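Raw data-v6.txt, compact mmCIF, N, CA and C atoms:
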# COMPACT_ATOMS: atom_id res chain seq x y z
N MET D 1 -7.67 -22.50 -7.33
CA MET D 1 -7.79 -21.19 -7.95
C MET D 1 -6.39 -20.69 -8.28
N SER D 2 -6.18 -20.21 -9.48
CA SER D 2 -4.86 -19.75 -9.89
C SER D 2 -4.56 -18.38 -9.28
N PRO D 3 -3.26 -18.07 -9.08
CA PRO D 3 -2.90 -16.77 -8.50
C PRO D 3 -3.39 -15.60 -9.34
N SER D 4 -3.43 -15.75 -10.66
CA SER D 4 -3.89 -14.63 -11.48
C SER D 4 -5.36 -14.33 -11.24
N CYS D 5 -6.15 -15.35 -10.93
CA CYS D 5 -7.57 -15.12 -10.64
C CYS D 5 -7.74 -14.29 -9.38
N THR D 6 -6.88 -14.52 -8.39
CA THR D 6 -7.01 -13.77 -7.15
C THR D 6 -6.55 -12.34 -7.32
N THR D 7 -5.91 -12.02 -8.43
CA THR D 7 -5.49 -10.66 -8.72
C THR D 7 -6.47 -9.95 -9.64
N THR D 8 -6.93 -10.63 -10.70
CA THR D 8 -7.77 -9.97 -11.70
C THR D 8 -9.24 -9.90 -11.30
N TRP D 9 -9.79 -10.89 -10.64
CA TRP D 9 -11.19 -10.85 -10.24
C TRP D 9 -11.50 -9.67 -9.32
N PRO D 10 -10.70 -9.48 -8.27
CA PRO D 10 -11.02 -8.34 -7.41
C PRO D 10 -10.90 -7.01 -8.14
N LEU D 11 -9.91 -6.90 -9.03
CA LEU D 11 -9.73 -5.66 -9.77
C LEU D 11 -10.94 -5.35 -10.63
N SER D 12 -11.46 -6.34 -11.34
CA SER D 12 -12.63 -6.10 -12.18
C SER D 12 -13.85 -5.77 -11.32
N ASN D 13 -13.98 -6.40 -10.17
CA ASN D 13 -15.09 -6.08 -9.27
C ASN D 13 -14.95 -4.67 -8.69
N LYS D 14 -13.71 -4.25 -8.44
CA LYS D 14 -13.48 -2.90 -7.95
C LYS D 14 -13.90 -1.89 -9.01
N LEU D 15 -13.54 -2.17 -10.26
CA LEU D 15 -13.92 -1.28 -11.35
C LEU D 15 -15.44 -1.19 -11.51
N LEU D 16 -16.12 -2.27 -11.21
CA LEU D 16 -17.59 -2.29 -11.28
C LEU D 16 -18.23 -1.76 -10.00
N LYS D 17 -17.38 -1.30 -9.06
CA LYS D 17 -17.82 -0.77 -7.76
C LYS D 17 -18.51 -1.82 -6.90
N LYS D 18 -18.15 -3.06 -7.10
CA LYS D 18 -18.62 -4.15 -6.24
C LYS D 18 -17.55 -4.35 -5.16
N TYR D 19 -17.41 -3.36 -4.30
CA TYR D 19 -16.31 -3.33 -3.35
C TYR D 19 -16.34 -4.49 -2.38
N ASP D 20 -17.51 -4.90 -1.93
CA ASP D 20 -17.57 -6.00 -0.97
C ASP D 20 -17.11 -7.31 -1.61
N VAL D 21 -17.41 -7.52 -2.89
CA VAL D 21 -16.96 -8.72 -3.60
C VAL D 21 -15.44 -8.64 -3.79
N ALA D 22 -14.96 -7.48 -4.21
CA ALA D 22 -13.52 -7.30 -4.40
C ALA D 22 -12.77 -7.54 -3.09
N GLU D 23 -13.30 -7.00 -2.00
CA GLU D 23 -12.66 -7.17 -0.70
C GLU D 23 -12.53 -8.65 -0.34
N GLY D 24 -13.57 -9.43 -0.60
CA GLY D 24 -13.52 -10.87 -0.32
C GLY D 24 -12.41 -11.57 -1.08
N TYR D 25 -12.25 -11.20 -2.34
CA TYR D 25 -11.17 -11.80 -3.14
C TYR D 25 -9.80 -11.36 -2.65
N TYR D 26 -9.67 -10.08 -2.26
CA TYR D 26 -8.39 -9.62 -1.74
C TYR D 26 -8.02 -10.35 -0.45
N VAL D 27 -9.00 -10.56 0.41
CA VAL D 27 -8.76 -11.29 1.66
C VAL D 27 -8.34 -12.73 1.35
N LEU D 28 -8.99 -13.35 0.38
CA LEU D 28 -8.63 -14.70 -0.04
C LEU D 28 -7.21 -14.75 -0.60
N ALA D 29 -6.87 -13.81 -1.47
CA ALA D 29 -5.53 -13.76 -2.05
C ALA D 29 -4.47 -13.57 -0.96
N LEU D 30 -4.75 -12.70 -0.01
CA LEU D 30 -3.82 -12.46 1.09
C LEU D 30 -3.62 -13.74 1.90
N ALA D 31 -4.70 -14.41 2.24
CA ALA D 31 -4.61 -15.65 3.02
C ALA D 31 -3.82 -16.72 2.27
N MET D 32 -4.06 -16.83 0.97
CA MET D 32 -3.33 -17.82 0.17
C MET D 32 -1.84 -17.51 0.14
N ARG D 33 -1.50 -16.24 -0.02
CA ARG D 33 -0.08 -15.87 -0.06
C ARG D 33 0.58 -16.06 1.30
N GLU D 34 -0.11 -15.69 2.36
CA GLU D 34 0.47 -15.87 3.70
C GLU D 34 0.67 -17.35 4.01
N ASP D 35 -0.29 -18.19 3.64
CA ASP D 35 -0.16 -19.63 3.87
C ASP D 35 1.00 -20.22 3.08
N THR D 36 1.18 -19.74 1.87
CA THR D 36 2.22 -20.29 0.99
C THR D 36 3.60 -19.72 1.30
N LEU D 37 3.68 -18.41 1.51
CA LEU D 37 4.97 -17.72 1.60
C LEU D 37 5.38 -17.31 3.00
N GLY D 38 4.43 -17.21 3.90
CA GLY D 38 4.70 -16.64 5.21
C GLY D 38 4.25 -15.19 5.22
N SER D 39 4.19 -14.60 6.39
CA SER D 39 3.60 -13.25 6.49
C SER D 39 4.55 -12.12 6.16
N ASN D 40 5.85 -12.39 6.10
CA ASN D 40 6.83 -11.33 5.91
C ASN D 40 7.51 -11.46 4.55
N TYR D 41 6.73 -11.31 3.47
CA TYR D 41 7.23 -11.54 2.12
C TYR D 41 6.67 -10.44 1.20
N PRO D 42 7.46 -9.95 0.24
CA PRO D 42 6.99 -8.86 -0.64
C PRO D 42 5.67 -9.13 -1.36
N ASP D 43 5.40 -10.37 -1.77
CA ASP D 43 4.12 -10.66 -2.41
C ASP D 43 2.94 -10.50 -1.45
N VAL D 44 3.18 -10.77 -0.17
CA VAL D 44 2.15 -10.55 0.84
C VAL D 44 1.92 -9.05 1.00
N ALA D 45 3.00 -8.29 0.96
CA ALA D 45 2.87 -6.83 1.02
C ALA D 45 2.05 -6.31 -0.15
N ALA D 46 2.25 -6.89 -1.34
CA ALA D 46 1.48 -6.48 -2.51
C ALA D 46 -0.01 -6.75 -2.31
N SER D 47 -0.33 -7.86 -1.65
CA SER D 47 -1.74 -8.15 -1.34
C SER D 47 -2.31 -7.12 -0.37
N PHE D 48 -1.50 -6.72 0.61
CA PHE D 48 -1.93 -5.66 1.52
C PHE D 48 -2.20 -4.38 0.74
N ASN D 49 -1.33 -4.07 -0.22
CA ASN D 49 -1.49 -2.85 -0.99
C ASN D 49 -2.82 -2.82 -1.72
N ARG D 50 -3.19 -3.91 -2.33
CA ARG D 50 -4.46 -3.95 -3.07
C ARG D 50 -5.64 -3.67 -2.14
N SER D 51 -5.59 -4.22 -0.93
CA SER D 51 -6.66 -3.95 0.04
C SER D 51 -6.64 -2.49 0.48
N ALA D 52 -5.45 -1.96 0.72
CA ALA D 52 -5.35 -0.56 1.14
C ALA D 52 -5.90 0.38 0.07
N VAL D 53 -5.57 0.11 -1.18
CA VAL D 53 -6.09 0.94 -2.27
C VAL D 53 -7.62 0.84 -2.34
N LEU D 54 -8.13 -0.35 -2.13
CA LEU D 54 -9.58 -0.53 -2.13
C LEU D 54 -10.24 0.34 -1.06
N TYR D 55 -9.70 0.30 0.17
CA TYR D 55 -10.24 1.11 1.25
C TYR D 55 -10.06 2.61 0.98
N HIS D 56 -8.90 2.96 0.44
CA HIS D 56 -8.63 4.35 0.09
C HIS D 56 -9.68 4.85 -0.91
N THR D 57 -9.97 4.04 -1.93
CA THR D 57 -10.96 4.37 -2.95
C THR D 57 -12.34 4.61 -2.33
N GLN D 58 -12.65 3.86 -1.29
CA GLN D 58 -13.96 3.98 -0.62
C GLN D 58 -13.96 5.05 0.48
N LYS D 59 -12.85 5.76 0.60
CA LYS D 59 -12.69 6.81 1.62
C LYS D 59 -12.73 6.25 3.03
N GLN D 60 -12.32 5.01 3.18
CA GLN D 60 -12.16 4.39 4.50
C GLN D 60 -10.69 4.58 4.90
N TYR D 61 -10.36 5.82 5.22
CA TYR D 61 -8.97 6.23 5.37
C TYR D 61 -8.26 5.55 6.54
N PHE D 62 -8.96 5.36 7.64
CA PHE D 62 -8.33 4.73 8.80
C PHE D 62 -7.88 3.31 8.45
N ALA D 63 -8.77 2.54 7.81
CA ALA D 63 -8.42 1.16 7.41
C ALA D 63 -7.28 1.17 6.39
N ALA D 64 -7.34 2.09 5.43
CA ALA D 64 -6.29 2.18 4.41
C ALA D 64 -4.94 2.48 5.06
N GLU D 65 -4.91 3.42 6.00
CA GLU D 65 -3.66 3.77 6.67
C GLU D 65 -3.07 2.58 7.43
N LEU D 66 -3.92 1.86 8.16
CA LEU D 66 -3.44 0.69 8.90
C LEU D 66 -2.80 -0.34 7.96
N ILE D 67 -3.45 -0.58 6.83
CA ILE D 67 -2.95 -1.60 5.91
C ILE D 67 -1.71 -1.12 5.19
N TYR D 68 -1.66 0.16 4.78
CA TYR D 68 -0.43 0.69 4.18
C TYR D 68 0.74 0.52 5.15
N ASN D 69 0.50 0.75 6.44
CA ASN D 69 1.57 0.62 7.42
C ASN D 69 2.01 -0.83 7.61
N LEU D 70 1.08 -1.77 7.52
CA LEU D 70 1.45 -3.20 7.55
C LEU D 70 2.33 -3.54 6.35
N GLU D 71 1.93 -3.06 5.19
CA GLU D 71 2.70 -3.28 3.97
C GLU D 71 4.09 -2.67 4.11
N LEU D 72 4.15 -1.45 4.60
CA LEU D 72 5.42 -0.75 4.76
C LEU D 72 6.35 -1.51 5.71
N LYS D 73 5.80 -2.03 6.78
CA LYS D 73 6.60 -2.79 7.76
C LYS D 73 7.28 -3.98 7.08
N ILE D 74 6.56 -4.67 6.19
CA ILE D 74 7.14 -5.81 5.47
C ILE D 74 8.28 -5.35 4.57
N TYR D 75 8.03 -4.32 3.78
CA TYR D 75 9.08 -3.82 2.88
C TYR D 75 10.31 -3.37 3.64
N LEU D 76 10.11 -2.60 4.71
CA LEU D 76 11.26 -2.10 5.45
C LEU D 76 12.05 -3.22 6.13
N SER D 77 11.35 -4.22 6.65
CA SER D 77 12.05 -5.31 7.33
C SER D 77 12.76 -6.24 6.35
N MET D 78 12.17 -6.46 5.19
CA MET D 78 12.75 -7.40 4.22
C MET D 78 13.72 -6.75 3.24
N LEU D 79 13.40 -5.54 2.81
CA LEU D 79 14.14 -4.95 1.70
C LEU D 79 14.84 -3.63 2.03
N GLY D 80 14.47 -3.02 3.13
CA GLY D 80 15.13 -1.79 3.54
C GLY D 80 14.46 -0.53 3.04
N ASP D 81 14.92 0.59 3.59
CA ASP D 81 14.34 1.91 3.35
C ASP D 81 14.51 2.38 1.90
N ASP D 82 15.54 1.91 1.22
CA ASP D 82 15.81 2.39 -0.14
C ASP D 82 15.03 1.64 -1.21
N GLU D 83 14.29 0.63 -0.82
CA GLU D 83 13.54 -0.18 -1.78
C GLU D 83 12.45 0.66 -2.44
N LEU D 84 12.29 0.49 -3.74
CA LEU D 84 11.29 1.22 -4.50
C LEU D 84 9.87 0.97 -3.97
N GLY D 85 9.60 -0.24 -3.52
CA GLY D 85 8.29 -0.55 -2.96
C GLY D 85 7.98 0.31 -1.74
N ALA D 86 8.98 0.53 -0.89
CA ALA D 86 8.79 1.39 0.29
C ALA D 86 8.49 2.82 -0.15
N ALA D 87 9.18 3.30 -1.17
CA ALA D 87 8.92 4.66 -1.68
C ALA D 87 7.49 4.78 -2.18
N SER D 88 7.02 3.75 -2.85
CA SER D 88 5.65 3.76 -3.36
C SER D 88 4.63 3.82 -2.22
N ILE D 89 4.90 3.10 -1.14
CA ILE D 89 3.99 3.10 0.00
C ILE D 89 4.02 4.46 0.70
N PHE D 90 5.22 5.03 0.86
CA PHE D 90 5.30 6.37 1.45
C PHE D 90 4.51 7.36 0.60
N ASN D 91 4.59 7.22 -0.71
CA ASN D 91 3.83 8.08 -1.60
C ASN D 91 2.32 7.89 -1.39
N SER D 92 1.89 6.63 -1.31
CA SER D 92 0.46 6.35 -1.08
C SER D 92 -0.01 6.94 0.24
N LEU D 93 0.81 6.80 1.28
CA LEU D 93 0.46 7.39 2.58
C LEU D 93 0.39 8.92 2.48
N GLY D 94 1.33 9.52 1.74
CA GLY D 94 1.31 10.96 1.56
C GLY D 94 0.03 11.43 0.89
N VAL D 95 -0.38 10.72 -0.15
CA VAL D 95 -1.63 11.06 -0.85
C VAL D 95 -2.82 10.88 0.10
N LEU D 96 -2.80 9.81 0.87
CA LEU D 96 -3.88 9.55 1.83
C LEU D 96 -3.99 10.70 2.83
N TYR D 97 -2.86 11.14 3.37
CA TYR D 97 -2.87 12.24 4.33
C TYR D 97 -3.29 13.55 3.66
N GLN D 98 -2.87 13.74 2.42
CA GLN D 98 -3.22 14.96 1.70
C GLN D 98 -4.73 15.07 1.52
N VAL D 99 -5.36 13.97 1.15
CA VAL D 99 -6.81 13.95 0.96
C VAL D 99 -7.52 14.31 2.26
N GLN D 100 -6.93 13.91 3.38
CA GLN D 100 -7.53 14.19 4.69
C GLN D 100 -7.07 15.53 5.26
N GLU D 101 -6.26 16.25 4.49
CA GLU D 101 -5.72 17.54 4.89
C GLU D 101 -4.85 17.45 6.14
N GLU D 102 -4.13 16.34 6.28
CA GLU D 102 -3.16 16.16 7.36
C GLU D 102 -1.78 16.45 6.76
N TYR D 103 -1.50 17.74 6.58
CA TYR D 103 -0.37 18.15 5.77
C TYR D 103 1.00 17.85 6.37
N GLU D 104 1.11 17.84 7.68
CA GLU D 104 2.40 17.52 8.29
C GLU D 104 2.78 16.07 8.01
N ASP D 105 1.83 15.14 8.19
CA ASP D 105 2.08 13.74 7.88
C ASP D 105 2.28 13.55 6.38
N ASP D 106 1.54 14.32 5.59
CA ASP D 106 1.63 14.27 4.14
C ASP D 106 3.05 14.62 3.70
N GLU D 107 3.58 15.73 4.21
CA GLU D 107 4.92 16.17 3.81
C GLU D 107 5.97 15.14 4.20
N TYR D 108 5.87 14.60 5.41
CA TYR D 108 6.83 13.60 5.88
C TYR D 108 6.82 12.38 4.96
N SER D 109 5.64 11.86 4.64
CA SER D 109 5.53 10.66 3.81
C SER D 109 6.03 10.91 2.40
N LEU D 110 5.68 12.05 1.84
CA LEU D 110 6.14 12.35 0.48
C LEU D 110 7.64 12.57 0.44
N GLN D 111 8.22 13.17 1.49
CA GLN D 111 9.68 13.31 1.56
C GLN D 111 10.35 11.94 1.60
N ARG D 112 9.77 11.01 2.36
CA ARG D 112 10.32 9.65 2.45
C ARG D 112 10.23 8.92 1.12
N ALA D 113 9.27 9.31 0.27
CA ALA D 113 9.09 8.67 -1.03
C ALA D 113 10.16 9.10 -2.03
N LEU D 114 10.78 10.24 -1.79
CA LEU D 114 11.81 10.72 -2.72
C LEU D 114 13.07 9.87 -2.63
N PRO D 115 13.74 9.63 -3.74
CA PRO D 115 15.05 8.97 -3.68
C PRO D 115 16.00 9.81 -2.82
N HIS D 116 17.01 9.18 -2.22
CA HIS D 116 17.88 9.86 -1.27
C HIS D 116 18.50 11.14 -1.81
N GLY D 117 19.02 11.14 -3.01
CA GLY D 117 19.64 12.34 -3.58
C GLY D 117 18.65 13.47 -3.71
N LYS D 118 17.48 13.18 -4.20
CA LYS D 118 16.44 14.20 -4.35
C LYS D 118 15.93 14.64 -2.98
N ARG D 119 15.91 13.72 -2.02
CA ARG D 119 15.44 14.04 -0.68
C ARG D 119 16.35 15.11 -0.05
N ARG D 120 17.67 14.93 -0.23
CA ARG D 120 18.61 15.90 0.32
C ARG D 120 18.43 17.27 -0.31
N SER D 121 18.28 17.32 -1.64
CA SER D 121 18.12 18.62 -2.30
C SER D 121 16.79 19.26 -1.95
N ALA D 122 15.74 18.47 -1.75
CA ALA D 122 14.44 19.02 -1.35
C ALA D 122 14.53 19.62 0.05
N GLN D 123 15.31 18.98 0.95
CA GLN D 123 15.46 19.52 2.30
C GLN D 123 16.24 20.81 2.29
N SER D 124 17.22 20.95 1.40
CA SER D 124 18.00 22.16 1.34
C SER D 124 17.19 23.33 0.80
N ILE D 125 16.14 23.05 0.02
CA ILE D 125 15.28 24.09 -0.53
C ILE D 125 14.38 24.65 0.55
N SER D 126 13.89 23.79 1.45
CA SER D 126 12.94 24.26 2.46
C SER D 126 13.60 24.93 3.64

Using structure tokens, write down the structure that the file contains.
Amino acid sequence: MSPSCTTTWPLSNKLLKKYDVAEGYYVLALAMREDTLGSNYPDVAASFNRSAVLYHTQKQYFAAELIYNLELKIYLSMLGDDELGAASIFNSLGVLYQVQEEYEDDEYSLQRALPHGKRRSAQSIS
């Protein structure tokens, strides 16, 4: 199975609201990437992201949060806090917390998503 199939098939199934089918493909894609690349690699983090978004879409917030945090751990360990991928995950976590009305966690995650210069100016405003 080609890597593009493991990316596009689950997406089309998600759009058709066949979440269980999409989830199976995401799990397969994750396993293939982990077997090929190892567990601590940005492409593996991207596979985690797709699963987290799937759970987020289904309002399975606990599962989404766990997977976002796994993805974040990979980005922070491999690429550091300033990596754009980490900012994107912090943003996703912020949105997740906002939907659940967990505003303290929401604010922290969204602040972490800001680039450093903007983060400093946002802190001086508050």

- Item | Between atom CA of Leu28 of chain D and atom CA of Tyr68 of chain D - distance in Å to one decimal |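 The value is 17.9 Å.
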
- Query: Could you state the separation of atom CA of Gln98 of chain D and atom CA of Arg50 of chain D in Å, given to one decimal place?
  - Reply: 19.5 Å

- Query: How many Å separate atom CA of Ser47 of chain D from atom CA of Leu30 of chain D?
  - Reply: 5.4 Å

- From the list D:Glu71, D:Tyr19, D:Val44, D:Gln100, which residue is nearest Ala31 of chain D when using all atoms listed in the file?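 The answer is D:Val44, which sits nearest to Ala31 of chain D.
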
- Which residues come within 8 Å of Ala64 of chain D, counting only C-alpha atoms, excluding same-chain residues fewer than 2 positions away, as a PyMOL selection string? chain D and resi 51-56+60-62+66-68

- Query: Which of these residues is nearest to Leu79 of chain D, using only C-alpha atoms: D:Gly24, D:Ala45, D:Gly38, D:Leu93?
  - Reply: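 Result for the nearest residue to Leu79 of chain D: D:Ala45.
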
- Item | Pick from D:Leu70, D:Lys18, D:Ser77, D:Met32, whichever lies nearest to Phe48 of chain D using all atoms listed in the file |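 Using all atoms listed in the file, Phe48 of chain D sits closest to D:Leu70.
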